[in-house]
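Okay, structure first, notes after.
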Amino acid sequence: TGNTRYMGTNLGGLASRSFQPEPLMVLALLASVYCMVRFIVEPTPYGFALAALSAAIAILVKLQCMPLLAASFTALALWRHGRTWAAVRLTAAFFLSAVPLGMFYYIYGRYAGWLPHSASSYFKPHFLLRPIFWAGWLTQIHSAVGLPAFIGALLGLLFPWKGAGRALLAGLWVGYALFGMAFPYAMSTHDYYHLMLIPLVGISLAPLLLALWEVVARILPNHSLRCGLFVGCVLLGSAGIGIRIMQANYDRHGRWQKNESLIAPEIGRIVNHSTKTVFMSLSDGLPLQYYGKISGARLPFATEAIEKYMHWQNEDLSGFFQPQNLGFRPEYFIVTEVLEFSRKPELRKFVEKNYPVLVRTPTYSIFDLRDPIQ
């Protein structure tokens with residue numbers, strides 16, 4: 001049910017086209033949950049090893065699935081053994097077996113130097129006290145699964161779940177809540193952080209769908225007719241979802257990147273395909289560099305929305321153009337993020353005061369950094 005629900009959402013379809021590890025994380029998470037349930041229901045040493053290994057692989061793929069795995073296994077262990085030392089020992093053994101492989105992230109992050117920055121950027125507990133955080137979280141839930149499905153999943157929790165299923169659902173929902181509170185910034189601004197919610201909603205909807213099927217069975221006693229109706233609904237639903245995926249993908253990236261691909265060759269010719277440029281462009285400047293056959297350094301900037309949400313101050317970027325900061329002497333400054341450039345008066349004033357404008361159009365501007373204004 002969870003896998004079916006994942007394949008039937010806009011976000012699931014969009015994420016499957018991305019190079020990011022989130023889709024693989026969802027698959028690994030579901031496989032790990034399945035192995036954990038199998039082990040708890042039928043405890044064997046082989047089953048424990050398989051559950052721990054699958055959890056370790058899921059954590060290695062994406063560290064963010066750890067809260068769901070930890071909470072769900074703890075809930076299953078408590079269901080199996082109650083509040084006893086046996087549950088504590090089993091849970092501790094599971095963590096000691098699964099977590100070390102996930103520590104690769106910590107070791108690599110410390111070595112590469114991105115861990116402190118990532119931790120300070122995402123872990124912001126004071127966000128929990130802001131209404132905008134909860135509104136953002138609800139907005140991302142709607143983007144991921146839709147509020148009707150989310151409400152249906154919550155209603156599904158009211159059905160009399162039995163055995164390990166009830167413990168598993170409780171653990172998964174608690175893990176999702178803990179995950180959201182551990183990464184409040186990302187949870188309220190990034191839709192793909194909610195990919196793991198999609199199978200969770202699908203699992204929670206199962207009893208509601210079974211109850212609906214029983215109602216339909218009373219209205220349509222003929223089994224073949226019921227199956228035909230079900231197949232028709234699935235086909236129509238899949239067609240509608242496919243259309244929405246294409247529309248969402250186009251609205252999200254297509255128009256911007258299409259414009260970038262049209263203007264980039266012209267920009268490349270103007271700057272003679274320079275390899276010493278500084279650019280302020282969408283998607284880290286990758287479409288601009290590819291279609292314009294140029295290279296250089298991306299000017300790091302935060303959008304106006306992010307600055308307001310994070311309460312960041314406008315950063316002084318004037319020093320970024322110095323050769324000692326870039327590793328080369330820049331020749332051109334290319335702006336295709338015209339709107340964001342206009343929202344940064346200090347940067348705009350610095351560039352326009354010190355460097356001549358080579359080209360200015362409604363869609364891009366090019367400044368000549370080779371000959372500063374005296």
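Residues are referred to by chain and number: the chain letter is A, B, ... according to the order shown in the structure tokens, the number counts from 1 in that chain, and ligands are numbered separately from 1 in the order shown.
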Surrounding residues of stretch 152-164 of chain A excluding itself and chain neighbours under 6 positions, 9 Å, only C-alpha atoms, as a list in words: Val37, Ile40, Val41, Ala75, Leu76, Trp79, Arg80, Ala170, Leu200, Val201, Gly202, Ile203, Ser204, Leu205, Ala206, Pro207, Leu208 and Leu209 of chain A
Selected residues, N, CA and C atoms, written as an mmCIF file, in the first residue's frame, please.
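File produced: again-v9.cif:
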data_model
loop_
_atom_site.group_PDB
_atom_site.id
_atom_site.type_symbol
_atom_site.label_atom_id
_atom_site.label_comp_id
_atom_site.auth_asym_id
_atom_site.auth_seq_id
_atom_site.Cartn_x
_atom_site.Cartn_y
_atom_site.Cartn_z
ATOM 1 N N VAL A 37 9.561 -6.028 10.785
ATOM 2 C CA VAL A 37 8.288 -6.673 11.146
ATOM 3 C C VAL A 37 8.416 -8.183 11.075
ATOM 4 N N ILE A 40 10.311 -9.353 14.168
ATOM 5 C CA ILE A 40 9.551 -9.250 15.409
ATOM 6 C C ILE A 40 8.474 -10.326 15.478
ATOM 7 N N VAL A 41 7.834 -10.587 14.360
ATOM 8 C CA VAL A 41 6.767 -11.605 14.336
ATOM 9 C C VAL A 41 7.355 -13.005 14.460
ATOM 10 N N ALA A 75 9.064 0.706 18.993
ATOM 11 C CA ALA A 75 7.645 0.387 19.197
ATOM 12 C C ALA A 75 7.383 -1.103 19.004
ATOM 13 N N LEU A 76 8.008 -1.710 18.002
ATOM 14 C CA LEU A 76 7.820 -3.142 17.756
ATOM 15 C C LEU A 76 8.410 -3.976 18.893
ATOM 16 N N TRP A 79 6.083 -3.811 21.757
ATOM 17 C CA TRP A 79 4.896 -4.648 21.517
ATOM 18 C C TRP A 79 5.224 -6.124 21.770
ATOM 19 N N ARG A 80 6.404 -6.537 21.364
ATOM 20 C CA ARG A 80 6.787 -7.944 21.487
ATOM 21 C C ARG A 80 7.086 -8.334 22.935
ATOM 22 N N ALA A 170 2.371 3.366 14.974
ATOM 23 C CA ALA A 170 2.663 4.325 16.041
ATOM 24 C C ALA A 170 4.126 4.751 15.973
ATOM 25 N N LEU A 200 3.967 6.220 4.370
ATOM 26 C CA LEU A 200 3.352 6.204 5.689
ATOM 27 C C LEU A 200 1.855 6.503 5.583
ATOM 28 N N VAL A 201 1.510 7.478 4.764
ATOM 29 C CA VAL A 201 0.090 7.785 4.533
ATOM 30 C C VAL A 201 -0.601 6.613 3.836
ATOM 31 N N GLY A 202 0.114 5.994 2.880
ATOM 32 C CA GLY A 202 -0.480 4.842 2.186
ATOM 33 C C GLY A 202 -0.790 3.697 3.125
ATOM 34 N N ILE A 203 0.129 3.406 4.053
ATOM 35 C CA ILE A 203 -0.097 2.330 5.023
ATOM 36 C C ILE A 203 -1.266 2.685 5.941
ATOM 37 N N SER A 204 -1.326 3.939 6.366
ATOM 38 C CA SER A 204 -2.377 4.363 7.287
ATOM 39 C C SER A 204 -3.749 4.378 6.620
ATOM 40 N N LEU A 205 -3.763 4.549 5.293
ATOM 41 C CA LEU A 205 -5.036 4.569 4.570
ATOM 42 C C LEU A 205 -5.617 3.173 4.355
ATOM 43 N N ALA A 206 -4.792 2.131 4.553
ATOM 44 C CA ALA A 206 -5.221 0.760 4.235
ATOM 45 C C ALA A 206 -6.548 0.376 4.896
ATOM 46 N N PRO A 207 -6.748 0.562 6.209
ATOM 47 C CA PRO A 207 -8.024 0.152 6.802
ATOM 48 C C PRO A 207 -9.203 0.952 6.282
ATOM 49 N N LEU A 208 -8.967 2.214 5.955
ATOM 50 C CA LEU A 208 -10.031 3.052 5.407
ATOM 51 C C LEU A 208 -10.450 2.539 4.029
ATOM 52 N N LEU A 209 -9.470 2.145 3.219
ATOM 53 C CA LEU A 209 -9.770 1.616 1.887
ATOM 54 C C LEU A 209 -10.460 0.257 1.973
#
Sorted by chain and rising residue number, which residues of stretch 325-356 of chain A lie within 7 Å of stretch 277-287 of chain A, and what are their closest atom pairs and distances in Å to one decimal, counting only C-alpha atoms, as a Markdown table?
| residue | atom | partner | partner_atom | distance |
| --- | --- | --- | --- | --- |
| A:Pro330 | CA | A:Thr277 | CA | 5.4 |
| A:Glu331 | CA | A:Thr277 | CA | 5.7 |
| A:Tyr332 | CA | A:Thr277 | CA | 4.9 |
| A:Phe333 | CA | A:Val278 | CA | 4.7 |
| A:Ile334 | CA | A:Phe279 | CA | 4.5 |
| A:Val335 | CA | A:Met280 | CA | 4.9 |
| A:Thr336 | CA | A:Ser281 | CA | 5.1 |
| A:Glu337 | CA | A:Ser281 | CA | 5.0 |
Mind writing the picked residues with N, CA, C and O atoms as an mmCIF file, in the first residue's frame?
data_model
loop_
_atom_site.group_PDB
_atom_site.id
_atom_site.type_symbol
_atom_site.label_atom_id
_atom_site.label_comp_id
_atom_site.auth_asym_id
_atom_site.auth_seq_id
_atom_site.Cartn_x
_atom_site.Cartn_y
_atom_site.Cartn_z
ATOM 1 N N PRO A 330 38.597 37.548 -12.447
ATOM 2 C CA PRO A 330 37.348 37.445 -13.220
ATOM 3 C C PRO A 330 37.285 38.457 -14.357
ATOM 4 O O PRO A 330 37.818 39.567 -14.255
ATOM 5 N N GLU A 331 36.632 38.051 -15.432
ATOM 6 C CA GLU A 331 36.511 38.909 -16.610
ATOM 7 C C GLU A 331 35.105 39.476 -16.775
ATOM 8 O O GLU A 331 34.944 40.604 -17.249
ATOM 9 N N TYR A 332 34.080 38.692 -16.393
ATOM 10 C CA TYR A 332 32.701 39.142 -16.584
ATOM 11 C C TYR A 332 31.846 38.733 -15.381
ATOM 12 O O TYR A 332 32.097 37.694 -14.748
ATOM 13 N N PHE A 333 30.862 39.567 -15.102
ATOM 14 C CA PHE A 333 29.844 39.220 -14.116
ATOM 15 C C PHE A 333 28.520 39.121 -14.863
ATOM 16 O O PHE A 333 28.047 40.100 -15.465
ATOM 17 N N ILE A 334 27.937 37.926 -14.854
ATOM 18 C CA ILE A 334 26.718 37.648 -15.618
ATOM 19 C C ILE A 334 25.551 37.488 -14.651
ATOM 20 O O ILE A 334 25.640 36.701 -13.698
ATOM 21 N N VAL A 335 24.471 38.201 -14.904
ATOM 22 C CA VAL A 335 23.282 38.136 -14.058
ATOM 23 C C VAL A 335 22.104 37.673 -14.904
ATOM 24 O O VAL A 335 21.698 38.361 -15.856
ATOM 25 N N THR A 336 21.578 36.483 -14.591
ATOM 26 C CA THR A 336 20.321 36.049 -15.198
ATOM 27 C C THR A 336 19.197 35.969 -14.156
ATOM 28 O O THR A 336 18.035 35.901 -14.518
ATOM 29 N N GLU A 337 19.577 35.980 -12.883
ATOM 30 C CA GLU A 337 18.585 36.100 -11.809
ATOM 31 C C GLU A 337 18.318 37.595 -11.600
ATOM 32 O O GLU A 337 18.699 38.189 -10.595
#
What is the distance, in Å and to one decimal place, between atom CA of A:Gly47 and atom CA of A:Ser97? 12.9 Å
Selection near A:Leu29, 10 Å with only C-alpha atoms, sequence-local residues under 2 positions removed, as a list of chain:residue names: A:Pro23, A:Leu24, A:Met25, A:Val26, A:Leu27, A:Ala31, A:Ser32, A:Val33, A:Tyr34, A:Cys35, A:Ser54, A:Ala55, A:Ala56, A:Ile57, A:Ala58, A:Ile59, A:Val61, A:Lys62, A:Cys65, A:Met66, A:Leu68, A:Leu69, A:Met196, A:Pro199
So which one's closest to A:Tyr176, A:Cys233, A:Leu78, A:Leu197, A:Thr189? Using only C-alpha atoms, please. A:Leu197
Which residues come within 12 Å of A:Glu266, counting only C-alpha atoms, excluding same-chain residues fewer than 3 positions away, as a list in words?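 With the cut-off at 12 Å, the set is Asn259, Glu260, Ser261, Leu262, Ile263, Arg269, Ile270, Val271, Asn272, His273, Leu288, Gln289, Tyr291, Gly292, Lys293, Ile294, Ile334, Val359, Thr361, Thr363, Tyr364, Ser365 and Ile366 of chain A.
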Any chance you can output those residues with N, CA, C and O atoms as a PDB file, in the first residue's frame?
ATOM      1  N   ASN A 259      14.039  29.322 -20.545  1.00  0.00           N
ATOM      2  CA  ASN A 259      14.526  30.679 -20.811  1.00  0.00           C
ATOM      3  C   ASN A 259      16.046  30.730 -20.718  1.00  0.00           C
ATOM      4  O   ASN A 259      16.711  31.357 -21.548  1.00  0.00           O
ATOM      5  N   GLU A 260      16.603  30.046 -19.726  1.00  0.00           N
ATOM      6  CA  GLU A 260      18.055  30.032 -19.552  1.00  0.00           C
ATOM      7  C   GLU A 260      18.742  29.387 -20.750  1.00  0.00           C
ATOM      8  O   GLU A 260      19.785  29.849 -21.219  1.00  0.00           O
ATOM      9  N   SER A 261      18.173  28.314 -21.256  1.00  0.00           N
ATOM     10  CA  SER A 261      18.780  27.630 -22.405  1.00  0.00           C
ATOM     11  C   SER A 261      18.708  28.477 -23.674  1.00  0.00           C
ATOM     12  O   SER A 261      19.535  28.319 -24.573  1.00  0.00           O
ATOM     13  N   LEU A 262      17.728  29.395 -23.746  1.00  0.00           N
ATOM     14  CA  LEU A 262      17.605  30.250 -24.930  1.00  0.00           C
ATOM     15  C   LEU A 262      18.595  31.402 -24.909  1.00  0.00           C
ATOM     16  O   LEU A 262      19.154  31.772 -25.946  1.00  0.00           O
ATOM     17  N   ILE A 263      18.820  31.989 -23.722  1.00  0.00           N
ATOM     18  CA  ILE A 263      19.696  33.164 -23.646  1.00  0.00           C
ATOM     19  C   ILE A 263      21.161  32.787 -23.438  1.00  0.00           C
ATOM     20  O   ILE A 263      22.052  33.588 -23.734  1.00  0.00           O
ATOM     21  N   ARG A 269      28.457  33.800 -26.499  1.00  0.00           N
ATOM     22  CA  ARG A 269      29.119  34.482 -27.615  1.00  0.00           C
ATOM     23  C   ARG A 269      29.608  35.871 -27.196  1.00  0.00           C
ATOM     24  O   ARG A 269      30.704  36.301 -27.590  1.00  0.00           O
ATOM     25  N   ILE A 270      28.812  36.580 -26.393  1.00  0.00           N
ATOM     26  CA  ILE A 270      29.190  37.935 -25.983  1.00  0.00           C
ATOM     27  C   ILE A 270      30.458  37.912 -25.131  1.00  0.00           C
ATOM     28  O   ILE A 270      31.347  38.764 -25.299  1.00  0.00           O
ATOM     29  N   VAL A 271      30.571  36.946 -24.239  1.00  0.00           N
ATOM     30  CA  VAL A 271      31.754  36.882 -23.359  1.00  0.00           C
ATOM     31  C   VAL A 271      32.842  35.995 -23.945  1.00  0.00           C
ATOM     32  O   VAL A 271      33.821  35.667 -23.261  1.00  0.00           O
ATOM     33  N   ASN A 272      32.670  35.624 -25.220  1.00  0.00           N
ATOM     34  CA  ASN A 272      33.669  34.816 -25.931  1.00  0.00           C
ATOM     35  C   ASN A 272      33.955  33.511 -25.193  1.00  0.00           C
ATOM     36  O   ASN A 272      35.098  33.067 -25.110  1.00  0.00           O
ATOM     37  N   HIS A 273      32.889  32.921 -24.623  1.00  0.00           N
ATOM     38  CA  HIS A 273      32.963  31.630 -23.920  1.00  0.00           C
ATOM     39  C   HIS A 273      34.074  31.630 -22.863  1.00  0.00           C
ATOM     40  O   HIS A 273      34.876  30.693 -22.755  1.00  0.00           O
ATOM     41  N   LEU A 288      23.273  27.701 -17.492  1.00  0.00           N
ATOM     42  CA  LEU A 288      24.026  28.786 -18.132  1.00  0.00           C
ATOM     43  C   LEU A 288      25.386  28.294 -18.606  1.00  0.00           C
ATOM     44  O   LEU A 288      25.811  28.587 -19.730  1.00  0.00           O
ATOM     45  N   GLN A 289      26.081  27.547 -17.784  1.00  0.00           N
ATOM     46  CA  GLN A 289      27.407  27.054 -18.161  1.00  0.00           C
ATOM     47  C   GLN A 289      27.322  26.034 -19.291  1.00  0.00           C
ATOM     48  O   GLN A 289      28.158  26.036 -20.204  1.00  0.00           O
ATOM     49  N   TYR A 291      24.770  25.490 -21.660  1.00  0.00           N
ATOM     50  CA  TYR A 291      24.302  26.002 -22.950  1.00  0.00           C
ATOM     51  C   TYR A 291      25.152  27.174 -23.451  1.00  0.00           C
ATOM     52  O   TYR A 291      25.239  27.402 -24.665  1.00  0.00           O
ATOM     53  N   GLY A 292      25.782  27.917 -22.523  1.00  0.00           N
ATOM     54  CA  GLY A 292      26.601  29.039 -22.949  1.00  0.00           C
ATOM     55  C   GLY A 292      28.052  28.688 -23.182  1.00  0.00           C
ATOM     56  O   GLY A 292      28.818  29.524 -23.660  1.00  0.00           O
ATOM     57  N   LYS A 293      28.421  27.464 -22.814  1.00  0.00           N
ATOM     58  CA  LYS A 293      29.820  27.011 -22.969  1.00  0.00           C
ATOM     59  C   LYS A 293      30.777  27.976 -22.276  1.00  0.00           C
ATOM     60  O   LYS A 293      31.765  28.445 -22.859  1.00  0.00           O
ATOM     61  N   ILE A 294      30.458  28.255 -21.016  1.00  0.00           N
ATOM     62  CA  ILE A 294      31.307  29.105 -20.196  1.00  0.00           C
ATOM     63  C   ILE A 294      31.564  28.380 -18.875  1.00  0.00           C
ATOM     64  O   ILE A 294      30.960  27.334 -18.604  1.00  0.00           O
ATOM     65  N   ILE A 334      27.937  37.926 -14.854  1.00  0.00           N
ATOM     66  CA  ILE A 334      26.718  37.648 -15.618  1.00  0.00           C
ATOM     67  C   ILE A 334      25.551  37.488 -14.651  1.00  0.00           C
ATOM     68  O   ILE A 334      25.640  36.701 -13.698  1.00  0.00           O
ATOM     69  N   VAL A 359      26.312  44.582 -21.500  1.00  0.00           N
ATOM     70  CA  VAL A 359      24.999  44.348 -22.112  1.00  0.00           C
ATOM     71  C   VAL A 359      23.957  44.358 -20.999  1.00  0.00           C
ATOM     72  O   VAL A 359      24.196  43.807 -19.916  1.00  0.00           O
ATOM     73  N   THR A 361      19.723  43.618 -20.813  1.00  0.00           N
ATOM     74  CA  THR A 361      18.440  43.294 -21.436  1.00  0.00           C
ATOM     75  C   THR A 361      17.444  42.976 -20.314  1.00  0.00           C
ATOM     76  O   THR A 361      17.834  42.855 -19.153  1.00  0.00           O
ATOM     77  N   THR A 363      16.214  40.233 -19.617  1.00  0.00           N
ATOM     78  CA  THR A 363      16.402  38.876 -19.095  1.00  0.00           C
ATOM     79  C   THR A 363      17.811  38.619 -18.562  1.00  0.00           C
ATOM     80  O   THR A 363      18.024  37.629 -17.865  1.00  0.00           O
ATOM     81  N   TYR A 364      18.768  39.484 -18.888  1.00  0.00           N
ATOM     82  CA  TYR A 364      20.116  39.277 -18.347  1.00  0.00           C
ATOM     83  C   TYR A 364      20.913  40.571 -18.454  1.00  0.00           C
ATOM     84  O   TYR A 364      20.586  41.484 -19.233  1.00  0.00           O
ATOM     85  N   SER A 365      21.984  40.631 -17.642  1.00  0.00           N
ATOM     86  CA  SER A 365      22.935  41.745 -17.695  1.00  0.00           C
ATOM     87  C   SER A 365      24.343  41.173 -17.624  1.00  0.00           C
ATOM     88  O   SER A 365      24.574  40.146 -16.969  1.00  0.00           O
ATOM     89  N   ILE A 366      25.282  41.848 -18.290  1.00  0.00           N
ATOM     90  CA  ILE A 366      26.685  41.435 -18.266  1.00  0.00           C
ATOM     91  C   ILE A 366      27.531  42.656 -17.923  1.00  0.00           C
ATOM     92  O   ILE A 366      27.420  43.701 -18.580  1.00  0.00           O
TER      93      ILE A 366
END
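Between A:Ser188 and the candidates A:Gln140, A:Ser295, A:Thr84, A:Ser342, the tightest atom-to-atom separation, counting only C-alpha atoms, involves A:Gln140.
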From the set A:Gln374, A:His190, A:Glu340, A:Tyr290, which residue has the shortest atom-to-atom contact distance to A:Asn354, counting only C-alpha atoms?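 Smallest distance to A:Asn354 is found for A:Gln374.
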For atom CA of A:Pro67 and atom CA of A:Ile151, quote the distance in Å rounded to one decimal.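 Interatomic distance here is 22.5 Å.
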Quick one: distance from atom CA of A:Leu229 to atom CA of A:Glu214 in Å, one decimal? 13.9 Å
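The residue that comes closest to A:Pro45, out of A:Leu299, A:Phe94, A:Thr74, A:Gly82 and on the basis of only C-alpha atoms, is A:Phe94.
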Determine, counting only C-alpha atoms, which protein, DNA and RNA residues have an atom within 7 Å of an atom of A:Pro184; residues of the same chain fewer than 2 positions away are not included. Present the result as a VMD selection string. chain A and resid 122 to 125 127 to 128 180 to 182 186 to 188
Keeping only N, CA, C and O atoms, write those residues as a PDB file, in the first residue's frame.
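Output file part.pdb is given in full below:
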ATOM      1  N   TYR A 122      20.255  23.652   9.399  1.00  0.00           N
ATOM      2  CA  TYR A 122      19.002  22.898   9.453  1.00  0.00           C
ATOM      3  C   TYR A 122      18.451  22.751  10.864  1.00  0.00           C
ATOM      4  O   TYR A 122      17.246  22.726  11.061  1.00  0.00           O
ATOM      5  N   PHE A 123      19.314  22.617  11.857  1.00  0.00           N
ATOM      6  CA  PHE A 123      18.829  22.411  13.225  1.00  0.00           C
ATOM      7  C   PHE A 123      18.590  23.760  13.874  1.00  0.00           C
ATOM      8  O   PHE A 123      19.522  24.413  14.358  1.00  0.00           O
ATOM      9  N   LYS A 124      17.343  24.206  13.885  1.00  0.00           N
ATOM     10  CA  LYS A 124      16.966  25.498  14.449  1.00  0.00           C
ATOM     11  C   LYS A 124      15.734  25.287  15.324  1.00  0.00           C
ATOM     12  O   LYS A 124      14.598  25.512  14.885  1.00  0.00           O
ATOM     13  N   PRO A 125      15.924  24.832  16.555  1.00  0.00           N
ATOM     14  CA  PRO A 125      14.783  24.490  17.410  1.00  0.00           C
ATOM     15  C   PRO A 125      13.864  25.663  17.717  1.00  0.00           C
ATOM     16  O   PRO A 125      12.678  25.456  18.004  1.00  0.00           O
ATOM     17  N   PHE A 127      12.576  27.555  15.715  1.00  0.00           N
ATOM     18  CA  PHE A 127      11.521  27.605  14.696  1.00  0.00           C
ATOM     19  C   PHE A 127      10.221  26.984  15.202  1.00  0.00           C
ATOM     20  O   PHE A 127       9.139  27.322  14.729  1.00  0.00           O
ATOM     21  N   LEU A 128      10.348  26.033  16.137  1.00  0.00           N
ATOM     22  CA  LEU A 128       9.160  25.339  16.629  1.00  0.00           C
ATOM     23  C   LEU A 128       8.183  26.286  17.314  1.00  0.00           C
ATOM     24  O   LEU A 128       7.000  25.955  17.469  1.00  0.00           O
ATOM     25  N   GLY A 180      10.688  15.771  11.953  1.00  0.00           N
ATOM     26  CA  GLY A 180      10.296  17.140  11.649  1.00  0.00           C
ATOM     27  C   GLY A 180      10.809  18.134  12.660  1.00  0.00           C
ATOM     28  O   GLY A 180      11.229  19.252  12.308  1.00  0.00           O
ATOM     29  N   MET A 181      10.821  17.755  13.933  1.00  0.00           N
ATOM     30  CA  MET A 181      11.290  18.675  14.965  1.00  0.00           C
ATOM     31  C   MET A 181      12.817  18.759  15.009  1.00  0.00           C
ATOM     32  O   MET A 181      13.378  19.729  15.500  1.00  0.00           O
ATOM     33  N   ALA A 182      13.485  17.727  14.473  1.00  0.00           N
ATOM     34  CA  ALA A 182      14.953  17.762  14.408  1.00  0.00           C
ATOM     35  C   ALA A 182      15.445  18.602  13.230  1.00  0.00           C
ATOM     36  O   ALA A 182      16.543  19.164  13.287  1.00  0.00           O
ATOM     37  N   ALA A 186      14.160  22.645   7.161  1.00  0.00           N
ATOM     38  CA  ALA A 186      13.942  21.881   5.934  1.00  0.00           C
ATOM     39  C   ALA A 186      12.510  21.342   5.847  1.00  0.00           C
ATOM     40  O   ALA A 186      11.917  21.306   4.772  1.00  0.00           O
ATOM     41  N   MET A 187      11.947  20.933   6.970  1.00  0.00           N
ATOM     42  CA  MET A 187      10.601  20.350   6.953  1.00  0.00           C
ATOM     43  C   MET A 187       9.546  21.367   6.551  1.00  0.00           C
ATOM     44  O   MET A 187       8.499  20.990   6.016  1.00  0.00           O
ATOM     45  N   SER A 188       9.787  22.626   6.811  1.00  0.00           N
ATOM     46  CA  SER A 188       8.788  23.640   6.493  1.00  0.00           C
ATOM     47  C   SER A 188       9.054  24.351   5.172  1.00  0.00           C
ATOM     48  O   SER A 188       8.270  25.198   4.756  1.00  0.00           O
TER      49      SER A 188
END
Find, counting only C-alpha atoms, the residue in A:Ile107, A:Ala28, A:Ala211, A:Ala77 that gets nearest to A:Pro43.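 Of the candidates, the smallest distance to A:Pro43 is held by A:Ala77.
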So which residues of stretch 147-302 of chain A fall under strand (DSSP E) by DSSP, listed as an NGL selection string? :A and (277-280 or 296-298)
